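For reference, the structure is listed below as structure tokens.
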Amino acid sequence: MEIQVKDLLSKGMKVPIRRSLDADWLRQVRKDVIGTSPLEVDLTASGEDGVAHVEGELSIEVELACSRCLEPTKERIAVPFHERFKPAAAMDGGSEEEEIIPVEDGKIDLEPLIEETIMLSLPFVPLCVDDCKGLCQTCGANLNEQNCGCSKDRIDPRMAALKDLFK
Ligand SMILES: [Zn+2]
Ligand SMILES: [Zn+2]
């Protein structure tokens, strides 16, 4: 998914970029990803004052395993995307260029940037509900569904001392 930065700048065009990308790679990089919808890309590329802008929104629906009870939970993620590009030869090292990505041969592949943005917007600790009770550490029962009756206060006295430390 390449954009021609040179063309954008020389012609001053606005180009819509609408794609549905396969997002199966997410399951390779995050083990708690169970499945995903296609990654919807809705961006506009434009050139202005020697800088190419690509901006818009990325969205996806991801099914993740709850970090406490492991039940599948669906998250709809929509994140803004805005990147700036400039031919490397035209960069002068000024401080206003800090957020600008240099482009070597007139074009750039957007896909790695899009994938990184989506990765960073996934919930770090997915939860099915905010107060998910998780699994019983003794018998493994899902405590959202049943009260297994195991004692909850079998805490080793040394652990109890540690717990006090972190109050
Ligand atoms: Zn849960
Ligand atoms: Zn139990």
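Chain lettering (A, B, ...) mirrors the order of the structure tokens, residue numbering begins at 1 for each chain separately, and ligand numbering begins at 1 in order of display.
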Hey, what's within 7 Å of Ser37 in chain A if we count only C-alpha atoms and toss same-chain stuff fewer than 5 positions away? As a PyMOL selection string, please?
-> chain A and resi 60-62
Mind dumping the selected residues with N, CA, C and O atoms as a tab-separated table (two decimals), in the first residue's frame?
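Output file again_7.tsv is given in full below:
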chain	number	residue	atom	x	y	z
A	60	ILE	N	-11.26	-1.38	13.47
A	60	ILE	CA	-11.21	-2.84	13.43
A	60	ILE	C	-12.01	-3.38	14.60
A	60	ILE	O	-12.16	-2.69	15.62
A	61	GLU	N	-12.54	-4.57	14.45
A	61	GLU	CA	-13.17	-5.24	15.58
A	61	GLU	C	-12.29	-6.44	15.93
A	61	GLU	O	-11.97	-7.24	15.05
A	62	VAL	N	-11.90	-6.51	17.19
A	62	VAL	CA	-10.98	-7.57	17.61
A	62	VAL	C	-11.62	-8.40	18.71
A	62	VAL	O	-12.25	-7.85	19.62
Mind checking which residues fall within 12 Å of range 87-89 of chain A, counting only C-alpha atoms, ignoring those fewer than 4 positions away in the same chain, and posting them as number ranges by chain?
-> A: 4-10, 47, 50-52, 93, 97, 100-108
When the cut-off is 10 Å and you count only C-alpha atoms and all ligand atoms, which residues lie near ligand 1, shown as a PyMOL selection string?
-> chain A and resi 65-73+126-135+142-144
Export N, CA, C and O atoms of the chosen residues as a tab-separated table (two decimals), in the first residue's frame?
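Final output, saved to part_34.tsv:
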chain	number	residue	atom	x	y	z
A	65	ALA	N	-9.08	-12.54	24.36
A	65	ALA	CA	-9.36	-13.33	25.56
A	65	ALA	C	-9.26	-12.41	26.76
A	65	ALA	O	-8.26	-11.70	26.92
A	66	CYS	N	-10.30	-12.41	27.61
A	66	CYS	CA	-10.26	-11.60	28.83
A	66	CYS	C	-9.02	-12.02	29.65
A	66	CYS	O	-8.73	-13.20	29.80
A	67	SER	N	-8.30	-11.02	30.15
A	67	SER	CA	-7.03	-11.34	30.83
A	67	SER	C	-7.26	-12.00	32.19
A	67	SER	O	-6.33	-12.56	32.76
A	68	ARG	N	-8.50	-11.95	32.70
A	68	ARG	CA	-8.75	-12.61	34.00
A	68	ARG	C	-9.47	-13.94	33.86
A	68	ARG	O	-9.09	-14.92	34.50
A	69	CYS	N	-10.53	-13.99	33.02
A	69	CYS	CA	-11.31	-15.24	32.97
A	69	CYS	C	-11.12	-15.98	31.64
A	69	CYS	O	-11.63	-17.09	31.47
A	70	LEU	N	-10.40	-15.37	30.69
A	70	LEU	CA	-10.07	-15.98	29.39
A	70	LEU	C	-11.27	-16.13	28.44
A	70	LEU	O	-11.12	-16.65	27.34
A	71	GLU	N	-12.44	-15.64	28.83
A	71	GLU	CA	-13.59	-15.69	27.93
A	71	GLU	C	-13.37	-14.69	26.78
A	71	GLU	O	-12.78	-13.63	26.99
A	72	PRO	N	-13.86	-15.03	25.56
A	72	PRO	CA	-13.70	-14.09	24.44
A	72	PRO	C	-14.48	-12.79	24.68
A	72	PRO	O	-15.60	-12.84	25.18
A	73	THR	N	-13.87	-11.68	24.37
A	73	THR	CA	-14.54	-10.40	24.52
A	73	THR	C	-14.26	-9.54	23.29
A	73	THR	O	-13.14	-9.52	22.80
A	126	PRO	N	-6.96	-6.76	28.32
A	126	PRO	CA	-8.38	-6.84	27.97
A	126	PRO	C	-9.24	-7.44	29.09
A	126	PRO	O	-8.80	-8.37	29.77
A	127	LEU	N	-10.43	-6.87	29.28
A	127	LEU	CA	-11.35	-7.38	30.29
A	127	LEU	C	-12.72	-7.55	29.66
A	127	LEU	O	-13.16	-6.70	28.90
A	128	CYS	N	-13.43	-8.64	30.01
A	128	CYS	CA	-14.78	-8.86	29.48
A	128	CYS	C	-15.75	-7.84	30.06
A	128	CYS	O	-16.59	-7.30	29.37
A	129	VAL	N	-15.61	-7.59	31.36
A	129	VAL	CA	-16.33	-6.49	32.03
A	129	VAL	C	-15.32	-5.90	33.02
A	129	VAL	O	-14.40	-6.58	33.46
A	130	ASP	N	-15.52	-4.63	33.36
A	130	ASP	CA	-14.53	-3.95	34.21
A	130	ASP	C	-14.26	-4.68	35.52
A	130	ASP	O	-13.15	-4.70	36.02
A	131	ASP	N	-15.32	-5.30	36.07
A	131	ASP	CA	-15.13	-5.96	37.37
A	131	ASP	C	-15.13	-7.49	37.23
A	131	ASP	O	-15.65	-8.19	38.09
A	132	CYS	N	-14.58	-7.97	36.14
A	132	CYS	CA	-14.50	-9.43	35.93
A	132	CYS	C	-13.86	-10.07	37.17
A	132	CYS	O	-12.82	-9.63	37.63
A	133	LYS	N	-14.49	-11.12	37.66
A	133	LYS	CA	-14.00	-11.76	38.89
A	133	LYS	C	-12.89	-12.77	38.61
A	133	LYS	O	-12.25	-13.27	39.52
A	134	GLY	N	-12.71	-13.12	37.34
A	134	GLY	CA	-11.62	-14.03	36.98
A	134	GLY	C	-11.89	-15.47	37.33
A	134	GLY	O	-13.02	-15.88	37.57
A	135	LEU	N	-10.82	-16.25	37.37
A	135	LEU	CA	-10.93	-17.68	37.67
A	135	LEU	C	-10.48	-17.94	39.10
A	135	LEU	O	-9.57	-17.28	39.60
A	142	ASN	N	-14.90	-20.38	36.72
A	142	ASN	CA	-15.11	-19.00	36.33
A	142	ASN	C	-16.00	-18.34	37.37
A	142	ASN	O	-17.19	-18.65	37.49
A	143	LEU	N	-15.45	-17.43	38.14
A	143	LEU	CA	-16.17	-16.85	39.28
A	143	LEU	C	-17.27	-15.88	38.87
A	143	LEU	O	-18.06	-15.44	39.69
A	144	ASN	N	-17.33	-15.53	37.56
A	144	ASN	CA	-18.44	-14.71	37.08
A	144	ASN	C	-19.70	-15.58	36.97
A	144	ASN	O	-20.81	-15.08	37.00
Taking only C-alpha atoms and all ligand atoms into account, which residues are within 12 Å of ligand 2, as an mmCIF file with N, CA and C atoms, in the first residue's frame?
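This is the output file out_3.cif:
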data_model
loop_
_atom_site.group_PDB
_atom_site.id
_atom_site.type_symbol
_atom_site.label_atom_id
_atom_site.label_comp_id
_atom_site.auth_asym_id
_atom_site.auth_seq_id
_atom_site.Cartn_x
_atom_site.Cartn_y
_atom_site.Cartn_z
ATOM 1 N N LYS A 133 -14.495 -11.117 37.660
ATOM 2 C CA LYS A 133 -13.996 -11.755 38.888
ATOM 3 C C LYS A 133 -12.892 -12.768 38.613
ATOM 4 N N GLY A 134 -12.711 -13.122 37.337
ATOM 5 C CA GLY A 134 -11.616 -14.026 36.977
ATOM 6 C C GLY A 134 -11.886 -15.475 37.335
ATOM 7 N N LEU A 135 -10.823 -16.251 37.368
ATOM 8 C CA LEU A 135 -10.930 -17.677 37.666
ATOM 9 C C LEU A 135 -10.481 -17.939 39.101
ATOM 10 N N CYS A 136 -11.110 -18.917 39.739
ATOM 11 C CA CYS A 136 -10.687 -19.299 41.092
ATOM 12 C C CYS A 136 -9.279 -19.881 41.012
ATOM 13 N N GLN A 137 -8.400 -19.398 41.856
ATOM 14 C CA GLN A 137 -7.007 -19.861 41.790
ATOM 15 C C GLN A 137 -6.857 -21.274 42.361
ATOM 16 N N THR A 138 -7.874 -21.727 43.051
ATOM 17 C CA THR A 138 -7.805 -23.065 43.637
ATOM 18 C C THR A 138 -8.376 -24.119 42.693
ATOM 19 N N CYS A 139 -9.601 -23.877 42.165
ATOM 20 C CA CYS A 139 -10.234 -24.927 41.359
ATOM 21 C C CYS A 139 -10.413 -24.540 39.895
ATOM 22 N N GLY A 140 -10.137 -23.294 39.535
ATOM 23 C CA GLY A 140 -10.222 -22.895 38.133
ATOM 24 C C GLY A 140 -11.608 -22.510 37.646
ATOM 25 N N ALA A 141 -12.606 -22.506 38.552
ATOM 26 C CA ALA A 141 -13.964 -22.151 38.135
ATOM 27 C C ALA A 141 -14.011 -20.679 37.715
ATOM 28 N N ASN A 142 -14.897 -20.382 36.723
ATOM 29 C CA ASN A 142 -15.106 -18.995 36.327
ATOM 30 C C ASN A 142 -16.003 -18.342 37.375
ATOM 31 N N LEU A 143 -15.447 -17.428 38.139
ATOM 32 C CA LEU A 143 -16.170 -16.854 39.282
ATOM 33 C C LEU A 143 -17.266 -15.878 38.866
ATOM 34 N N ASN A 144 -17.326 -15.531 37.558
ATOM 35 C CA ASN A 144 -18.440 -14.714 37.079
ATOM 36 C C ASN A 144 -19.696 -15.575 36.970
ATOM 37 N N GLU A 145 -19.499 -16.880 36.775
ATOM 38 C CA GLU A 145 -20.622 -17.780 36.522
ATOM 39 C C GLU A 145 -21.062 -18.536 37.761
ATOM 40 N N GLN A 146 -20.138 -18.783 38.651
ATOM 41 C CA GLN A 146 -20.491 -19.576 39.825
ATOM 42 C C GLN A 146 -19.596 -19.206 41.002
ATOM 43 N N ASN A 147 -20.130 -19.505 42.183
ATOM 44 C CA ASN A 147 -19.327 -19.356 43.379
ATOM 45 C C ASN A 147 -18.922 -20.754 43.793
ATOM 46 N N CYS A 148 -17.673 -21.093 43.555
ATOM 47 C CA CYS A 148 -17.229 -22.476 43.736
ATOM 48 C C CYS A 148 -17.142 -22.869 45.207
ATOM 49 N N GLY A 149 -17.097 -21.895 46.098
ATOM 50 C CA GLY A 149 -17.080 -22.201 47.520
ATOM 51 C C GLY A 149 -15.693 -22.404 48.096
ATOM 52 N N CYS A 150 -14.667 -22.285 47.249
ATOM 53 C CA CYS A 150 -13.310 -22.419 47.784
ATOM 54 C C CYS A 150 -13.039 -21.239 48.727
ATOM 55 N N SER A 151 -12.237 -21.513 49.724
ATOM 56 C CA SER A 151 -11.904 -20.439 50.656
ATOM 57 C C SER A 151 -11.033 -19.408 49.949
ATOM 58 N N LYS A 152 -11.353 -18.129 50.148
ATOM 59 C CA LYS A 152 -10.608 -17.075 49.450
ATOM 60 C C LYS A 152 -9.446 -16.555 50.289
ATOM 61 N N ASP A 153 -9.430 -16.956 51.582
ATOM 62 C CA ASP A 153 -8.385 -16.334 52.396
ATOM 63 C C ASP A 153 -7.321 -17.325 52.849
ATOM 64 N N ARG A 154 -6.958 -18.198 51.913
ATOM 65 C CA ARG A 154 -5.848 -19.085 52.208
ATOM 66 C C ARG A 154 -4.543 -18.397 51.819
#
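Using only C-alpha atoms, the contacts of Pro38 in chain A at a cut-off of 10 Å, with sequence neighbours closer than 2 positions omitted, comprise Arg19, Ser20, Leu21, Asp22, Ala23, Asp24, Gly35, Thr36, Glu40, Val41, Ser59, Ile60, Glu61 and Val62 of chain A.
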Would you put the residues from that selection into a file with all heavy atoms, as a compact mmCIF listing (two decimals), in the first residue's frame?
# COMPACT_ATOMS: atom_id res chain seq x y z
N ARG A 19 -9.37 1.20 2.12
CA ARG A 19 -9.02 -0.21 1.95
C ARG A 19 -9.59 -1.03 3.09
O ARG A 19 -9.82 -0.52 4.17
CB ARG A 19 -7.50 -0.42 1.99
CG ARG A 19 -6.71 0.25 0.92
CD ARG A 19 -6.80 -0.50 -0.42
NE ARG A 19 -6.31 0.40 -1.47
CZ ARG A 19 -5.03 0.60 -1.74
NH1 ARG A 19 -4.12 -0.06 -1.08
NH2 ARG A 19 -4.66 1.45 -2.67
N SER A 20 -9.76 -2.30 2.80
CA SER A 20 -10.06 -3.29 3.82
C SER A 20 -8.88 -4.24 3.85
O SER A 20 -8.67 -4.97 2.89
CB SER A 20 -11.31 -4.09 3.44
OG SER A 20 -12.42 -3.62 4.13
N LEU A 21 -8.09 -4.19 4.90
CA LEU A 21 -6.89 -5.04 4.94
C LEU A 21 -7.13 -6.27 5.80
O LEU A 21 -7.82 -6.21 6.82
CB LEU A 21 -5.70 -4.26 5.53
CG LEU A 21 -5.28 -2.97 4.85
CD1 LEU A 21 -4.14 -2.34 5.63
CD2 LEU A 21 -4.84 -3.25 3.41
N ASP A 22 -6.52 -7.35 5.38
CA ASP A 22 -6.56 -8.56 6.19
C ASP A 22 -5.76 -8.30 7.47
O ASP A 22 -4.68 -7.72 7.43
CB ASP A 22 -5.93 -9.71 5.40
CG ASP A 22 -5.94 -10.98 6.21
OD1 ASP A 22 -6.94 -11.70 6.15
OD2 ASP A 22 -4.94 -11.24 6.91
N ALA A 23 -6.30 -8.71 8.62
CA ALA A 23 -5.61 -8.41 9.88
C ALA A 23 -5.24 -9.68 10.65
O ALA A 23 -5.05 -9.65 11.86
CB ALA A 23 -6.47 -7.50 10.74
N ASP A 24 -5.12 -10.77 9.93
CA ASP A 24 -4.81 -12.03 10.57
C ASP A 24 -3.45 -12.01 11.28
O ASP A 24 -3.23 -12.74 12.24
CB ASP A 24 -4.83 -13.15 9.53
CG ASP A 24 -5.53 -14.38 10.08
OD1 ASP A 24 -6.52 -14.20 10.82
OD2 ASP A 24 -5.08 -15.50 9.80
N GLY A 35 -9.61 -13.48 17.16
CA GLY A 35 -10.01 -13.24 15.78
C GLY A 35 -10.17 -11.75 15.52
O GLY A 35 -10.21 -10.96 16.46
N THR A 36 -10.23 -11.36 14.24
CA THR A 36 -10.40 -9.94 13.92
C THR A 36 -11.31 -9.78 12.71
O THR A 36 -11.43 -10.69 11.89
CB THR A 36 -9.06 -9.26 13.55
OG1 THR A 36 -8.66 -9.72 12.25
CG2 THR A 36 -7.97 -9.56 14.54
N GLU A 40 -10.22 -1.66 8.62
CA GLU A 40 -10.76 -0.66 7.68
C GLU A 40 -9.90 0.60 7.70
O GLU A 40 -9.69 1.20 8.74
CB GLU A 40 -12.21 -0.30 8.05
CG GLU A 40 -13.17 -1.48 8.09
CD GLU A 40 -13.36 -2.15 6.73
OE1 GLU A 40 -13.04 -1.52 5.70
OE2 GLU A 40 -13.82 -3.31 6.71
N VAL A 41 -9.42 0.95 6.52
CA VAL A 41 -8.56 2.12 6.38
C VAL A 41 -9.34 3.20 5.65
O VAL A 41 -9.86 2.96 4.56
CB VAL A 41 -7.30 1.74 5.57
CG1 VAL A 41 -6.44 2.96 5.28
CG2 VAL A 41 -6.51 0.66 6.29
N SER A 59 -10.06 1.50 11.68
CA SER A 59 -10.96 0.82 12.61
C SER A 59 -10.95 -0.68 12.39
O SER A 59 -10.67 -1.17 11.29
CB SER A 59 -12.38 1.39 12.51
OG SER A 59 -12.86 1.24 11.20
N ILE A 60 -11.26 -1.38 13.47
CA ILE A 60 -11.21 -2.84 13.43
C ILE A 60 -12.01 -3.38 14.60
O ILE A 60 -12.16 -2.69 15.62
CB ILE A 60 -9.73 -3.33 13.50
CG1 ILE A 60 -9.63 -4.83 13.22
CG2 ILE A 60 -9.11 -3.02 14.86
CD1 ILE A 60 -8.20 -5.30 13.02
N GLU A 61 -12.54 -4.57 14.45
CA GLU A 61 -13.17 -5.24 15.58
C GLU A 61 -12.29 -6.44 15.93
O GLU A 61 -11.97 -7.24 15.05
CB GLU A 61 -14.58 -5.68 15.23
CG GLU A 61 -15.41 -5.92 16.46
CD GLU A 61 -16.87 -6.17 16.12
OE1 GLU A 61 -17.62 -5.19 15.93
OE2 GLU A 61 -17.23 -7.35 16.03
N VAL A 62 -11.90 -6.51 17.19
CA VAL A 62 -10.98 -7.57 17.61
C VAL A 62 -11.62 -8.40 18.71
O VAL A 62 -12.25 -7.85 19.62
CB VAL A 62 -9.66 -6.96 18.16
CG1 VAL A 62 -8.68 -8.05 18.52
CG2 VAL A 62 -9.04 -6.03 17.12
Please run DSSP on the backbone and report, as a ChimeraX atom specification, all residues within chain A that come out as helix (DSSP H, G or I).
-> /A:5-11,25-29,88-90,95-97,111-121,157-165
Residue set, chain A restricted to strand (DSSP E), as a PyMOL selection string | chain A and resi 2-4+14-21+33-36+39-48+51-65+72-87+100-103+107-109
Which neighbours of Gly56 in chain A fall inside 10 Å, counting only C-alpha atoms, when residues of the same chain fewer than 2 positions from it are skipped, and could you give them as an MDAnalysis selection string?
-> chainID A and resid 16:17 41:45 53:54 58 79:83
Just the residues within 9 Å of Lys31 in chain A, please, counting only C-alpha atoms, with nothing from its chain fewer than 4 positions along; format it as a PyMOL selection string.
-> chain A and resi 26-27+64-65
Could you please take those selected residues and save C-alpha atoms as a CSV table (one decimal), in the first residue's frame?
chain,number,residue,atom,x,y,z
A,26,LEU,CA,-2.6,-9.7,14.7
A,27,ARG,CA,-3.0,-13.2,15.9
A,64,LEU,CA,-9.6,-10.9,22.6
A,65,ALA,CA,-9.4,-13.3,25.6
Would you kindly return, as a list of chain:residue names, each protein, DNA or RNA residue with an atom no farther than 9 Å from any atom of Leu110 in chain A, considering only C-alpha atoms and excluding same-chain residues fewer than 3 positions away?
->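 Listing them by chain and then by number gives A:Met1, A:Glu2, A:Ile3, A:Leu113, A:Ile114, A:Glu115.
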Could you please take those selected residues and save C-alpha atoms as an mmCIF file, in the first residue's frame?
data_model
loop_
_atom_site.group_PDB
_atom_site.id
_atom_site.type_symbol
_atom_site.label_atom_id
_atom_site.label_comp_id
_atom_site.auth_asym_id
_atom_site.auth_seq_id
_atom_site.Cartn_x
_atom_site.Cartn_y
_atom_site.Cartn_z
ATOM 1 C CA MET A 1 0.000 0.000 0.000
ATOM 2 C CA GLU A 2 2.338 2.660 -1.282
ATOM 3 C CA ILE A 3 1.811 6.350 -1.677
ATOM 4 C CA LEU A 113 2.736 2.378 10.024
ATOM 5 C CA ILE A 114 -0.916 1.366 9.979
ATOM 6 C CA GLU A 115 -0.149 -1.961 11.631
#
What is the distance between CA of Glu99 in chain A and CA of Thr117 in chain A, in Å to one decimal?
->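 Computed distance, CA of Glu99 in chain A to CA of Thr117 in chain A, equals 14.9 Å.
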